[in-house]
Each structure stands twice: as C-alpha cells, then as structure tokens.
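Participant: Structure: start_27.pdb, PDB, C-alpha atoms and all ligand atoms.
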```pdb
MODEL        1
ATOM      1  CA  MET E   6       0.000   0.000   0.000  1.00  0.00           C
ATOM      2  CA  LEU E   7       1.395   3.371  -0.977  1.00  0.00           C
ATOM      3  CA  LEU E   8       1.705   5.821   1.871  1.00  0.00           C
ATOM      4  CA  PRO E   9       1.615   9.601   1.616  1.00  0.00           C
ATOM      5  CA  VAL E  10       5.031  11.119   2.322  1.00  0.00           C
ATOM      6  CA  ILE E  11       4.638  14.149   4.540  1.00  0.00           C
ATOM      7  CA  GLN E  12       6.367  17.339   3.548  1.00  0.00           C
ATOM      8  CA  GLN E  13       8.328  20.010   5.312  1.00  0.00           C
ATOM      9  CA  PRO E  14       7.123  22.058   7.262  1.00  0.00           C
ATOM     10  CA  ASP E  15       4.913  19.322   8.762  1.00  0.00           C
ATOM     11  CA  PRO E  16       5.786  19.383  12.490  1.00  0.00           C
ATOM     12  CA  ARG E  17       5.948  15.577  12.653  1.00  0.00           C
ATOM     13  CA  LEU E  18       9.237  15.798  10.737  1.00  0.00           C
ATOM     14  CA  ARG E  19      10.689  17.632  13.745  1.00  0.00           C
ATOM     15  CA  GLU E  20       9.737  15.082  16.417  1.00  0.00           C
ATOM     16  CA  ILE E  21      12.100  12.639  18.052  1.00  0.00           C
ATOM     17  CA  SER E  22      10.729   9.210  17.190  1.00  0.00           C
ATOM     18  CA  ALA E  23      10.171   6.580  19.860  1.00  0.00           C
ATOM     19  CA  PRO E  24      12.041   3.266  19.986  1.00  0.00           C
ATOM     20  CA  VAL E  25      10.237   0.233  18.639  1.00  0.00           C
ATOM     21  CA  GLU E  26       9.400  -1.933  21.632  1.00  0.00           C
ATOM     22  CA  LYS E  27       7.935  -4.904  19.848  1.00  0.00           C
ATOM     23  CA  ILE E  28       8.111  -6.113  16.284  1.00  0.00           C
ATOM     24  CA  THR E  29       4.463  -6.668  15.480  1.00  0.00           C
ATOM     25  CA  PRO E  30       2.697  -7.723  12.275  1.00  0.00           C
ATOM     26  CA  GLU E  31       1.591  -4.101  11.997  1.00  0.00           C
ATOM     27  CA  LEU E  32       5.219  -2.933  12.061  1.00  0.00           C
ATOM     28  CA  LYS E  33       6.126  -5.475   9.369  1.00  0.00           C
ATOM     29  CA  LYS E  34       3.269  -4.197   7.227  1.00  0.00           C
ATOM     30  CA  LEU E  35       4.479  -0.646   7.769  1.00  0.00           C
ATOM     31  CA  ALA E  36       8.002  -1.633   6.657  1.00  0.00           C
ATOM     32  CA  ALA E  37       6.639  -3.313   3.525  1.00  0.00           C
ATOM     33  CA  ASP E  38       4.472  -0.293   2.727  1.00  0.00           C
ATOM     34  CA  MET E  39       7.418   2.054   3.248  1.00  0.00           C
ATOM     35  CA  LEU E  40       9.541   0.038   0.821  1.00  0.00           C
ATOM     36  CA  GLU E  41       6.747  -0.027  -1.726  1.00  0.00           C
ATOM     37  CA  THR E  42       6.340   3.736  -1.353  1.00  0.00           C
ATOM     38  CA  MET E  43      10.071   4.375  -1.635  1.00  0.00           C
ATOM     39  CA  TYR E  44      10.369   2.277  -4.795  1.00  0.00           C
ATOM     40  CA  ALA E  45       7.279   3.902  -6.297  1.00  0.00           C
ATOM     41  CA  LEU E  46       8.946   7.270  -5.905  1.00  0.00           C
ATOM     42  CA  GLY E  47      11.612   6.187  -8.366  1.00  0.00           C
ATOM     43  CA  ASN E  48      14.645   8.082  -7.204  1.00  0.00           C
ATOM     44  CA  GLY E  49      14.063   7.551  -3.489  1.00  0.00           C
ATOM     45  CA  ILE E  50      16.787   5.515  -1.810  1.00  0.00           C
ATOM     46  CA  GLY E  51      15.652   5.835   1.789  1.00  0.00           C
ATOM     47  CA  LEU E  52      12.507   6.514   3.773  1.00  0.00           C
ATOM     48  CA  ALA E  53      12.115   6.903   7.531  1.00  0.00           C
ATOM     49  CA  ALA E  54       8.923   6.123   9.442  1.00  0.00           C
ATOM     50  CA  PRO E  55       8.331   9.730  10.551  1.00  0.00           C
ATOM     51  CA  GLN E  56       8.214  10.691   6.862  1.00  0.00           C
ATOM     52  CA  VAL E  57       4.978   8.726   6.632  1.00  0.00           C
ATOM     53  CA  GLY E  58       3.751  10.176   9.894  1.00  0.00           C
ATOM     54  CA  ARG E  59       4.738   7.249  12.113  1.00  0.00           C
ATOM     55  CA  LEU E  60       6.996   8.407  14.914  1.00  0.00           C
ATOM     56  CA  CYS E  61       8.891   5.172  15.496  1.00  0.00           C
ATOM     57  CA  ARG E  62      12.577   4.426  15.023  1.00  0.00           C
ATOM     58  CA  MET E  63      12.617   2.494  11.774  1.00  0.00           C
ATOM     59  CA  PHE E  64      13.746   3.255   8.265  1.00  0.00           C
ATOM     60  CA  VAL E  65      14.092   1.483   4.954  1.00  0.00           C
ATOM     61  CA  CYS E  66      16.669   2.045   2.242  1.00  0.00           C
ATOM     62  CA  ASP E  67      18.091   0.613  -0.952  1.00  0.00           C
ATOM     63  CA  VAL E  68      21.084   2.238  -2.590  1.00  0.00           C
ATOM     64  CA  SER E  69      21.549  -0.438  -5.258  1.00  0.00           C
ATOM     65  CA  GLU E  70      21.249   0.494  -8.923  1.00  0.00           C
ATOM     66  CA  SER E  71      19.106  -2.591  -9.469  1.00  0.00           C
ATOM     67  CA  ARG E  72      16.658  -1.531  -6.737  1.00  0.00           C
ATOM     68  CA  ASP E  73      16.463  -5.046  -5.374  1.00  0.00           C
ATOM     69  CA  GLN E  74      18.512  -4.883  -2.174  1.00  0.00           C
ATOM     70  CA  PRO E  75      16.124  -3.509   0.402  1.00  0.00           C
ATOM     71  CA  ARG E  76      17.246  -2.920   3.962  1.00  0.00           C
ATOM     72  CA  ILE E  77      14.997  -2.423   6.965  1.00  0.00           C
ATOM     73  CA  LEU E  78      16.593  -1.074  10.139  1.00  0.00           C
ATOM     74  CA  ILE E  79      14.791  -0.956  13.468  1.00  0.00           C
ATOM     75  CA  ASN E  80      16.091   1.074  16.423  1.00  0.00           C
ATOM     76  CA  PRO E  81      19.267   1.939  14.513  1.00  0.00           C
ATOM     77  CA  VAL E  82      22.184   3.640  16.266  1.00  0.00           C
ATOM     78  CA  LEU E  83      25.381   5.104  14.909  1.00  0.00           C
ATOM     79  CA  ALA E  84      27.883   2.834  16.629  1.00  0.00           C
ATOM     80  CA  SER E  85      31.061   4.331  15.202  1.00  0.00           C
ATOM     81  CA  HIS E  86      32.438   6.451  12.412  1.00  0.00           C
ATOM     82  CA  ASN E  87      35.791   7.492  11.060  1.00  0.00           C
ATOM     83  CA  GLN E  88      36.998  11.073  11.187  1.00  0.00           C
ATOM     84  CA  GLU E  89      36.907  11.703   7.454  1.00  0.00           C
ATOM     85  CA  LYS E  90      33.945  13.662   6.194  1.00  0.00           C
ATOM     86  CA  THR E  91      32.581  14.165   2.711  1.00  0.00           C
ATOM     87  CA  LYS E  92      30.292  16.813   1.344  1.00  0.00           C
ATOM     88  CA  ARG E  93      27.799  16.017  -1.376  1.00  0.00           C
ATOM     89  CA  ALA E  94      24.449  17.242  -2.585  1.00  0.00           C
ATOM     90  CA  GLU E  95      21.427  15.609  -1.010  1.00  0.00           C
ATOM     91  CA  GLY E  96      17.735  15.798  -1.552  1.00  0.00           C
ATOM     92  CA  CYS E  97      14.944  14.460   0.626  1.00  0.00           C
ATOM     93  CA  LEU E  98      11.563  12.958  -0.168  1.00  0.00           C
ATOM     94  CA  SER E  99      10.070  15.286   2.460  1.00  0.00           C
ATOM     95  CA  CYS E 100      11.788  18.424   1.139  1.00  0.00           C
ATOM     96  CA  ARG E 101      10.734  18.346  -2.502  1.00  0.00           C
ATOM     97  CA  GLY E 102      12.516  20.903  -4.624  1.00  0.00           C
ATOM     98  CA  PHE E 103      15.263  21.497  -2.083  1.00  0.00           C
ATOM     99  CA  GLU E 104      18.791  20.253  -2.304  1.00  0.00           C
ATOM    100  CA  GLY E 105      22.045  21.296  -0.740  1.00  0.00           C
ATOM    101  CA  LEU E 106      25.516  20.135   0.145  1.00  0.00           C
ATOM    102  CA  VAL E 107      25.586  18.152   3.371  1.00  0.00           C
ATOM    103  CA  GLU E 108      28.693  17.061   5.223  1.00  0.00           C
ATOM    104  CA  ARG E 109      28.619  13.473   6.490  1.00  0.00           C
ATOM    105  CA  TYR E 110      31.052  10.937   7.852  1.00  0.00           C
ATOM    106  CA  ALA E 111      32.611   8.944   5.042  1.00  0.00           C
ATOM    107  CA  LYS E 112      32.450   5.598   6.876  1.00  0.00           C
ATOM    108  CA  VAL E 113      30.020   4.528   9.547  1.00  0.00           C
ATOM    109  CA  THR E 114      28.974   1.470  11.472  1.00  0.00           C
ATOM    110  CA  VAL E 115      25.294   1.274  12.343  1.00  0.00           C
ATOM    111  CA  ARG E 116      23.749  -1.281  14.650  1.00  0.00           C
ATOM    112  CA  ALA E 117      20.070  -2.100  14.466  1.00  0.00           C
ATOM    113  CA  LEU E 118      17.507  -4.837  14.690  1.00  0.00           C
ATOM    114  CA  ALA E 119      16.268  -6.639  11.619  1.00  0.00           C
ATOM    115  CA  LEU E 120      12.602  -7.361  11.047  1.00  0.00           C
ATOM    116  CA  ASP E 121      13.058 -10.804  12.596  1.00  0.00           C
ATOM    117  CA  GLY E 122      14.358  -9.209  15.792  1.00  0.00           C
ATOM    118  CA  LYS E 123      17.955 -10.251  15.228  1.00  0.00           C
ATOM    119  CA  LYS E 124      20.772  -7.788  15.776  1.00  0.00           C
ATOM    120  CA  MET E 125      22.539  -6.556  12.695  1.00  0.00           C
ATOM    121  CA  THR E 126      25.617  -4.474  12.040  1.00  0.00           C
ATOM    122  CA  VAL E 127      25.961  -2.465   8.855  1.00  0.00           C
ATOM    123  CA  LYS E 128      29.397  -1.171   7.919  1.00  0.00           C
ATOM    124  CA  ALA E 129      29.021   1.378   5.185  1.00  0.00           C
ATOM    125  CA  ASP E 130      30.837   3.896   3.081  1.00  0.00           C
ATOM    126  CA  GLY E 131      29.884   5.887   0.003  1.00  0.00           C
ATOM    127  CA  LEU E 132      26.241   6.447  -0.755  1.00  0.00           C
ATOM    128  CA  LEU E 133      25.030   3.927   1.820  1.00  0.00           C
ATOM    129  CA  ALA E 134      26.934   5.693   4.626  1.00  0.00           C
ATOM    130  CA  ARG E 135      25.361   8.969   3.557  1.00  0.00           C
ATOM    131  CA  CYS E 136      21.905   7.449   3.323  1.00  0.00           C
ATOM    132  CA  LEU E 137      22.143   5.834   6.777  1.00  0.00           C
ATOM    133  CA  GLN E 138      23.157   9.127   8.392  1.00  0.00           C
ATOM    134  CA  HIS E 139      20.364  10.994   6.585  1.00  0.00           C
ATOM    135  CA  GLU E 140      17.767   8.483   7.826  1.00  0.00           C
ATOM    136  CA  LEU E 141      19.159   8.471  11.370  1.00  0.00           C
ATOM    137  CA  ASP E 142      18.709  12.244  11.369  1.00  0.00           C
ATOM    138  CA  HIS E 143      15.047  11.836  10.421  1.00  0.00           C
ATOM    139  CA  LEU E 144      14.494   9.733  13.547  1.00  0.00           C
ATOM    140  CA  ASP E 145      15.763  12.649  15.624  1.00  0.00           C
ATOM    141  CA  GLY E 146      13.701  15.293  13.864  1.00  0.00           C
ATOM    142  CA  ILE E 147      16.613  16.631  11.826  1.00  0.00           C
ATOM    143  CA  ILE E 148      16.228  17.371   8.130  1.00  0.00           C
ATOM    144  CA  ILE E 149      18.723  18.428   5.484  1.00  0.00           C
ATOM    145  CA  MET E 150      17.615  22.048   5.621  1.00  0.00           C
ATOM    146  CA  ASP E 151      19.223  22.185   9.072  1.00  0.00           C
ATOM    147  CA  LYS E 152      22.602  21.137   7.724  1.00  0.00           C
ATOM    148  CA  ALA E 153      22.790  21.957   4.048  1.00  0.00           C
ATOM    149  CA  GLU E 154      24.609  24.707   2.303  1.00  0.00           C
ATOM    150  CA  PRO E 155      23.551  25.702  -1.216  1.00  0.00           C
ATOM    151  CA  ALA E 156      24.769  23.328  -3.905  1.00  0.00           C
ATOM    152  CA  PRO E 157      26.545  25.005  -6.801  1.00  0.00           C
ATOM    153  CA  PRO E 158      24.979  24.096 -10.165  1.00  0.00           C
ATOM    154  CA  ASP E 159      27.811  21.727 -11.099  1.00  0.00           C
ATOM    155  CA  ARG E 160      27.189  19.664  -7.965  1.00  0.00           C
ATOM    156  CA  GLN E 161      23.438  19.355  -8.194  1.00  0.00           C
ATOM    157  CA  ASP E 162      23.516  16.108 -10.125  1.00  0.00           C
ATOM    158  CA  ASP E 163      24.653  14.434  -6.934  1.00  0.00           C
ATOM    159  CA  ALA E 164      21.141  14.823  -5.588  1.00  0.00           C
ATOM    160  CA  LYS E 165      19.341  12.865  -8.281  1.00  0.00           C
ATOM    161  CA  LYS E 166      18.927  10.144  -5.715  1.00  0.00           C
ATOM    162  CA  ILE E 167      16.893  11.461  -2.880  1.00  0.00           C
ATOM    163  CA  ILE E 168      16.777  10.199   0.600  1.00  0.00           C
TER
HETATM  164 NI    NI L   1      14.958  12.535   3.851  1.00  0.00          NI
ENDMDL
END
```
Using structure tokens, write down the structure that the file contains.
Ligand code: NI
Facilitator:
Amino acid sequence: MLLPVIQQPDPRLREISAPVEKITPELKKLAADMLETMYALGNGIGLAAPQVGRLCRMFVCDVSESRDQPRILINPVLASHNQEKTKRAEGCLSCRGFEGLVERYAKVTVRALALDGKKMTVKADGLLARCLQHELDHLDGIIIMDKAEPAPPDRQDDAKKII
C-alpha cells in the first residue's frame, strides 16, 4: 500500500521518534508499505517512518542500482564512524525541490535490529553511509535544511537520488 510522504514544514518531521518496543505484524506491514512507497517514488533511496507520519525508530533504504537490495533497520544507532567527512548534494523525499551540500562521515557502522528481531551491524561507506546518516537524522527530527549549504549548479547532479 502506498503511503503519503509528509512534507516540510509538517511538524511531525521535527519530532524525536520513539524506539520500537515490539516487532508486530503491523510494524512489518508498515516496513513493507514504506519500501513499496520508496520504490514507487523512483529516485528515493531511503525513507524513515516519521516521513509517513509514524513516529517510530525504523527506516528502509536501498542504494543499489538494481533496486532489489532492500534494507529495513529498526532502532538503529550510529555505533562508530571514522573522522573523514565528505560533502555532497542531497535531496529528501520530504523536502521536494530542495537540495544542498551536506557534510557526512565517510564511513560509519550502524547497529540495528532486523525485522526478525535479530541484531545486525551495517558497515558502510559511500552512498550507503550517507543514506544511513540521513535516515538516522530523520528519527531525531533533523532534516537536510538544518545542515545543508547551497549546492553550486555543477554539484546538483549528486542529488538525483533522494533520501
Ligand atoms: Ni529525507
């Protein structure tokens, strides 16, 4: 089922989302609907629960070109990161028409629960590292407008994939 993606300045985008206490059939349905919604949006590579108005700590993402490697992270935390940072243009499914350069850690390790309740560790660099940090921000009510600086025209192609 496709879900409406709420848009800035909806105040729900600014809330701190609550931890998931139990993985219920309803939560699994929400995850499936979020993936379906993200894929339907074409260039979306990540979607956090608060973006569909559900203030719980879960997001979905898929940075693969083939769009067939979905990830679902529940109660994710940034466990570690290196010191190197990179700056690239980002867009956001909840900030249509806006893009800007955002500085992120180049390499991160994120711990989370999978949909079956098992612990998972995701070590990421490149686009996935950027996507994970963008989605983690959503769970804390932070959006790219808080962090972005204007993208010069020659850098705007970076934001064709929106998170
Ligand atoms: Ni976003």
Participant: May I ask for the distance between atom CA of Glu154 of chain E and atom CA of Arg135 of chain E, given in Å to one decimal place?
Facilitator: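 We find that atom CA of Glu154 of chain E and atom CA of Arg135 of chain E lie 15.8 Å from each other.
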Participant: Would you list the contacts of segment 11-28 of chain E as an mmCIF file with C-alpha atoms, keeping the file's coordinate frame, taking every protein, DNA or RNA residue within 10 Å and counting only C-alpha atoms, but skipping same-chain residues closer than 2 positions in sequence?
Facilitator:
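Wrote it out as part_32.cif, contents follow:
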```cif
data_model
loop_
_atom_site.group_PDB
_atom_site.id
_atom_site.type_symbol
_atom_site.label_atom_id
_atom_site.label_comp_id
_atom_site.auth_asym_id
_atom_site.auth_seq_id
_atom_site.Cartn_x
_atom_site.Cartn_y
_atom_site.Cartn_z
ATOM 1 C CA LEU E 8 1.705 5.821 1.871
ATOM 2 C CA PRO E 9 1.615 9.601 1.616
ATOM 3 C CA PRO E 30 2.697 -7.723 12.275
ATOM 4 C CA GLU E 31 1.591 -4.101 11.997
ATOM 5 C CA LEU E 32 5.219 -2.933 12.061
ATOM 6 C CA LYS E 33 6.126 -5.475 9.369
ATOM 7 C CA ALA E 53 12.115 6.903 7.531
ATOM 8 C CA ALA E 54 8.923 6.123 9.442
ATOM 9 C CA PRO E 55 8.331 9.730 10.551
ATOM 10 C CA GLN E 56 8.214 10.691 6.862
ATOM 11 C CA VAL E 57 4.978 8.726 6.632
ATOM 12 C CA GLY E 58 3.751 10.176 9.894
ATOM 13 C CA ARG E 59 4.738 7.249 12.113
ATOM 14 C CA LEU E 60 6.996 8.407 14.914
ATOM 15 C CA CYS E 61 8.891 5.172 15.496
ATOM 16 C CA ARG E 62 12.577 4.426 15.023
ATOM 17 C CA MET E 63 12.617 2.494 11.774
ATOM 18 C CA ILE E 79 14.791 -0.956 13.468
ATOM 19 C CA ASN E 80 16.091 1.074 16.423
ATOM 20 C CA PRO E 81 19.267 1.939 14.513
ATOM 21 C CA CYS E 97 14.944 14.460 0.626
ATOM 22 C CA LEU E 98 11.563 12.958 -0.168
ATOM 23 C CA SER E 99 10.070 15.286 2.460
ATOM 24 C CA CYS E 100 11.788 18.424 1.139
ATOM 25 C CA ARG E 101 10.734 18.346 -2.502
ATOM 26 C CA LEU E 118 17.507 -4.837 14.690
ATOM 27 C CA ALA E 119 16.268 -6.639 11.619
ATOM 28 C CA LEU E 120 12.602 -7.361 11.047
ATOM 29 C CA ASP E 121 13.058 -10.804 12.596
ATOM 30 C CA GLY E 122 14.358 -9.209 15.792
ATOM 31 C CA ASP E 142 18.709 12.244 11.369
ATOM 32 C CA HIS E 143 15.047 11.836 10.421
ATOM 33 C CA LEU E 144 14.494 9.733 13.547
ATOM 34 C CA ASP E 145 15.763 12.649 15.624
ATOM 35 C CA GLY E 146 13.701 15.293 13.864
ATOM 36 C CA ILE E 147 16.613 16.631 11.826
ATOM 37 C CA ILE E 148 16.228 17.371 8.130
ATOM 38 C CA MET E 150 17.615 22.048 5.621
#
```
Participant: Taking the file as I've supplied it (selection: the PyMOL selection byres (((chain E and resi 86) around 8) and not hetatm)), which residues are included? Please answer as an NGL selection string.
Facilitator: :E and (83-85 or 87-88 or 110-114)
Participant: Could you save the residues just selected, with C-alpha atoms, as a short mmCIF file (atom, residue, chain, number, x, y, z; two decimals), in the frame of the given file?
Facilitator:
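Resulting contents of selection-v2.cif:
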```cif
data_model
loop_
_atom_site.label_atom_id
_atom_site.label_comp_id
_atom_site.auth_asym_id
_atom_site.auth_seq_id
_atom_site.Cartn_x
_atom_site.Cartn_y
_atom_site.Cartn_z
CA LEU E 83 25.38 5.10 14.91
CA ALA E 84 27.88 2.83 16.63
CA SER E 85 31.06 4.33 15.20
CA ASN E 87 35.79 7.49 11.06
CA GLN E 88 37.00 11.07 11.19
CA TYR E 110 31.05 10.94 7.85
CA ALA E 111 32.61 8.94 5.04
CA LYS E 112 32.45 5.60 6.88
CA VAL E 113 30.02 4.53 9.55
CA THR E 114 28.97 1.47 11.47
#
```
Participant: From the options E:Val68, E:Val127, E:Leu133, E:Met6, which residue's atoms come nearest to Gly47 of chain E, counting all atoms listed in the file?
Facilitator: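 For Gly47 of chain E, the nearest of the candidates is E:Val68.
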Participant: Record the distance separating atom CA of Asp151 of chain E and atom CA of Arg109 of chain E, expressed in Å with one decimal.
Facilitator: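 Interatomic distance, atom CA of Asp151 of chain E to atom CA of Arg109 of chain E: 13.1 Å.
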Participant: Where does the PyMOL selection byres (((chain E and resi 66) around 9) and not hetatm) land in this file, that is, which residues does it pick, as a PyMOL selection string?
Facilitator: chain E and resi 40+43+49-53+64-65+67-68+74-78+133+136-137+140+168
Participant: From the options E:Val10, E:Glu89, E:Asp159, E:Ala129, which residue's atoms come nearest to ligand NI 1 (chain L), counting only C-alpha atoms and all ligand atoms?
Facilitator: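 With only C-alpha atoms and all ligand atoms as the atom set, the closest residue is E:Val10.
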Participant: Have a look at atom CA of Gly131 of chain E and atom CA of Pro158 of chain E and let me know their distance in Å, one decimal.
Facilitator: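 It comes out at 21.4 Å.
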Participant: Using only C-alpha atoms and all ligand atoms, find the one residue out of E:Leu35, E:Ile149, E:Val115, E:Ala156 that sits nearest to ligand NI 1 (chain L).
Facilitator: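 Among E:Leu35, E:Ile149, E:Val115, E:Ala156, it is E:Ile149 that comes nearest to ligand NI 1 (chain L).
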Participant: Restricting the calculation to all atoms listed in the file, which member of E:Asn48, E:Ser69, E:Thr91, E:Ala117 is positioned closest to ligand NI 1 (chain L)?
Facilitator: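 Result for the nearest residue to ligand NI 1 (chain L): E:Asn48.
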Participant: Quick one: of E:Asp130, E:Glu95, E:Pro155, E:Thr29, who's nearest to ligand NI 1 (chain L), counting all atoms listed in the file?
Facilitator: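 Nearest candidate to ligand NI 1 (chain L) out of E:Asp130, E:Glu95, E:Pro155, E:Thr29: E:Glu95.
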Participant: For Leu7 of chain E, which of E:Leu46, E:Val82, E:Leu132, E:Val107 is the closest residue, counting only C-alpha atoms?
Facilitator: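 Smallest separation from Leu7 of chain E among the options: E:Leu46.
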Participant: Once you add 4 Å to each side, what are the centre and edge lengths of the axis-aligned box holding all listed atoms of segment 7-10 of chain E? One decimal in Å, as lines of an AutoDock Vina configuration file, if you can.
Facilitator:
```
center_x = 3.2
center_y = 7.2
center_z = 0.7
size_x = 11.6
size_y = 15.7
size_z = 11.3
```
